[in-house]
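A.B. asks: After the structure tokens below, expect a handful of questions from me.
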Amino acid sequence: MEGKYIEQREFDIRGQVCPSTLLTTLREINRNQKALKAGGMRLAIKTDAREATATIPQMVKDMGYSVIVVKKDGYYCIMVGKDE
């Protein structure tokens with residue numbers, strides 16, 4: 001997913017728990033659907049809710065997007081983009 005996107009938008013939802021993390025992510029995917037599907041954007045979701053690292057990626061994959069989860073220092077970054 002690196003180097004192929006024109007824009008990256010970051011959303012910091014640390015402190016939220018499911019289902020709020022999932023609903024917030026879905027809202028942002030829907031708001032940016034055209035750019036995401038065209039490959040012109042990637043979303044980076046920062047969360048400290050471990051359960052979100054399972055629920056969000058599964059839903060995103062079911063929607064036809066690619067997703068990568070990276071563990072950072074004290075949080076996770078879930079990157080959503082165009083399915084390759």
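Quick note on naming: the chains in the structure tokens go A, B, ... in the order shown, residues restart at 1 in each chain, and ligands are numbered from 1 in order of appearance.
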Give one line per residue of region 26-59 of chain A that approaches region 76-79 of chain A to at most 9 Å, naming the two atoms of the closest pair and their distance in Å to one decimal, counting only C-alpha atoms; sort by chain then ascending residue number and deliver it as JSON lines.
C.D. replies:
```
{"residue": "A:Arg42", "atom": "CA", "partner": "A:Met79", "partner_atom": "CA", "distance": 6.8}
{"residue": "A:Leu43", "atom": "CA", "partner": "A:Met79", "partner_atom": "CA", "distance": 5.6}
{"residue": "A:Ala44", "atom": "CA", "partner": "A:Met79", "partner_atom": "CA", "distance": 4.5}
{"residue": "A:Ile45", "atom": "CA", "partner": "A:Ile78", "partner_atom": "CA", "distance": 5.0}
{"residue": "A:Lys46", "atom": "CA", "partner": "A:Cys77", "partner_atom": "CA", "distance": 4.6}
{"residue": "A:Thr47", "atom": "CA", "partner": "A:Tyr76", "partner_atom": "CA", "distance": 5.3}
{"residue": "A:Asp48", "atom": "CA", "partner": "A:Tyr76", "partner_atom": "CA", "distance": 6.0}
{"residue": "A:Ala49", "atom": "CA", "partner": "A:Tyr76", "partner_atom": "CA", "distance": 8.0}
{"residue": "A:Arg50", "atom": "CA", "partner": "A:Tyr76", "partner_atom": "CA", "distance": 7.8}
{"residue": "A:Thr53", "atom": "CA", "partner": "A:Ile78", "partner_atom": "CA", "distance": 7.3}
{"residue": "A:Ile56", "atom": "CA", "partner": "A:Ile78", "partner_atom": "CA", "distance": 8.1}
{"residue": "A:Pro57", "atom": "CA", "partner": "A:Ile78", "partner_atom": "CA", "distance": 7.6}
```
A.B. asks: Can I get the selection written as an mmCIF file, in the first residue's frame, with N, CA and C atoms?
C.D. replies:
```cif
data_model
loop_
_atom_site.group_PDB
_atom_site.id
_atom_site.type_symbol
_atom_site.label_atom_id
_atom_site.label_comp_id
_atom_site.auth_asym_id
_atom_site.auth_seq_id
_atom_site.Cartn_x
_atom_site.Cartn_y
_atom_site.Cartn_z
ATOM 1 N N ARG A 42 -5.757 6.974 1.169
ATOM 2 C CA ARG A 42 -5.663 5.902 2.158
ATOM 3 C C ARG A 42 -6.077 6.495 3.495
ATOM 4 N N LEU A 43 -6.798 5.723 4.277
ATOM 5 C CA LEU A 43 -7.169 6.139 5.624
ATOM 6 C C LEU A 43 -6.271 5.428 6.623
ATOM 7 N N ALA A 44 -5.809 6.164 7.608
ATOM 8 C CA ALA A 44 -5.018 5.600 8.702
ATOM 9 C C ALA A 44 -5.801 5.849 9.987
ATOM 10 N N ILE A 45 -6.297 4.770 10.572
ATOM 11 C CA ILE A 45 -7.111 4.851 11.782
ATOM 12 C C ILE A 45 -6.246 4.458 12.968
ATOM 13 N N LYS A 46 -6.095 5.360 13.923
ATOM 14 C CA LYS A 46 -5.329 5.065 15.138
ATOM 15 C C LYS A 46 -6.302 4.670 16.240
ATOM 16 N N THR A 47 -6.063 3.503 16.836
ATOM 17 C CA THR A 47 -6.936 3.019 17.896
ATOM 18 C C THR A 47 -6.115 2.306 18.963
ATOM 19 N N ASP A 48 -6.609 2.353 20.181
ATOM 20 C CA ASP A 48 -5.982 1.586 21.261
ATOM 21 C C ASP A 48 -6.903 0.455 21.714
ATOM 22 N N ALA A 49 -8.000 0.243 20.968
ATOM 23 C CA ALA A 49 -8.945 -0.830 21.276
ATOM 24 C C ALA A 49 -8.527 -2.093 20.526
ATOM 25 N N ARG A 50 -7.996 -3.043 21.255
ATOM 26 C CA ARG A 50 -7.491 -4.262 20.616
ATOM 27 C C ARG A 50 -8.564 -4.983 19.800
ATOM 28 N N THR A 53 -8.958 -4.248 16.148
ATOM 29 C CA THR A 53 -8.009 -4.801 15.178
ATOM 30 C C THR A 53 -8.538 -6.074 14.532
ATOM 31 N N ILE A 56 -12.678 -4.220 12.661
ATOM 32 C CA ILE A 56 -12.527 -3.270 11.551
ATOM 33 C C ILE A 56 -11.928 -3.943 10.317
ATOM 34 N N PRO A 57 -10.805 -4.642 10.430
ATOM 35 C CA PRO A 57 -10.247 -5.274 9.223
ATOM 36 C C PRO A 57 -11.212 -6.238 8.528
#
```
A.B. asks: Excluding same-chain residues fewer than 4 positions from Asn32 (chain A), what lies within 9 Å of it counting only C-alpha atoms, as an MDAnalysis selection string?
C.D. replies: chainID A and resid 27:28 36:37 41 43
A.B. asks: Between A:Leu22, A:Arg14, A:Val67, A:Ala38, which is the closest to Thr55 (chain A) once you count only C-alpha atoms?
C.D. replies: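 Of A:Leu22, A:Arg14, A:Val67, A:Ala38, the one nearest Thr55 (chain A), counting only C-alpha atoms, is A:Leu22.
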A.B. asks: Report, in Å to a single decimal, how far apart CA of Tyr75 (chain A) and CA of Val60 (chain A) are.
C.D. replies: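 Result for CA of Val60 (chain A) versus CA of Tyr75 (chain A): 19.1 Å, one decimal.
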A.B. asks: Pull the strand (DSSP E) assignments for chain A out of DSSP run on the backbone, and list those residues as a PyMOL selection string.
C.D. replies: chain A and resi 7-12+41-47+65-71+76-82
A.B. asks: For Arg9 (chain A), which of A:Ala52, A:Val70, A:Met63, A:Val80 is the closest residue, counting only C-alpha atoms?
C.D. replies: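 With only C-alpha atoms as the atom set, the closest residue is A:Val80.
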A.B. asks: Point out the residue among A:Gly81, A:Ala54, A:Lys71, A:Gly15 with the least atom-to-atom distance to Ile29 (chain A), counting only C-alpha atoms.
C.D. replies: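 Closest to Ile29 (chain A), using only C-alpha atoms: A:Gly81.
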A.B. asks: Rounded to one decimal, what separation in Å do you get between CA of Glu51 (chain A) and CA of Val69 (chain A)?
C.D. replies: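 Here the two named atoms are 12.1 Å from each other.
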A.B. asks: How many Å lie between CA of Thr25 (chain A) and CA of Asp62 (chain A), rounded to one decimal?
C.D. replies: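 According to the coordinates, CA of Thr25 (chain A) and CA of Asp62 (chain A) are separated by 13.7 Å.
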A.B. asks: DSSP on the backbone: what in chain A comes out alpha helix (DSSP H), as JSON, numbers by chain?
C.D. replies: {"A": [20, 21, 22, 23, 24, 25, 26, 27, 28, 29, 30, 31, 33, 34, 35, 36, 37, 38, 52, 53, 54, 55, 56, 57, 58, 59, 60, 61, 62]}
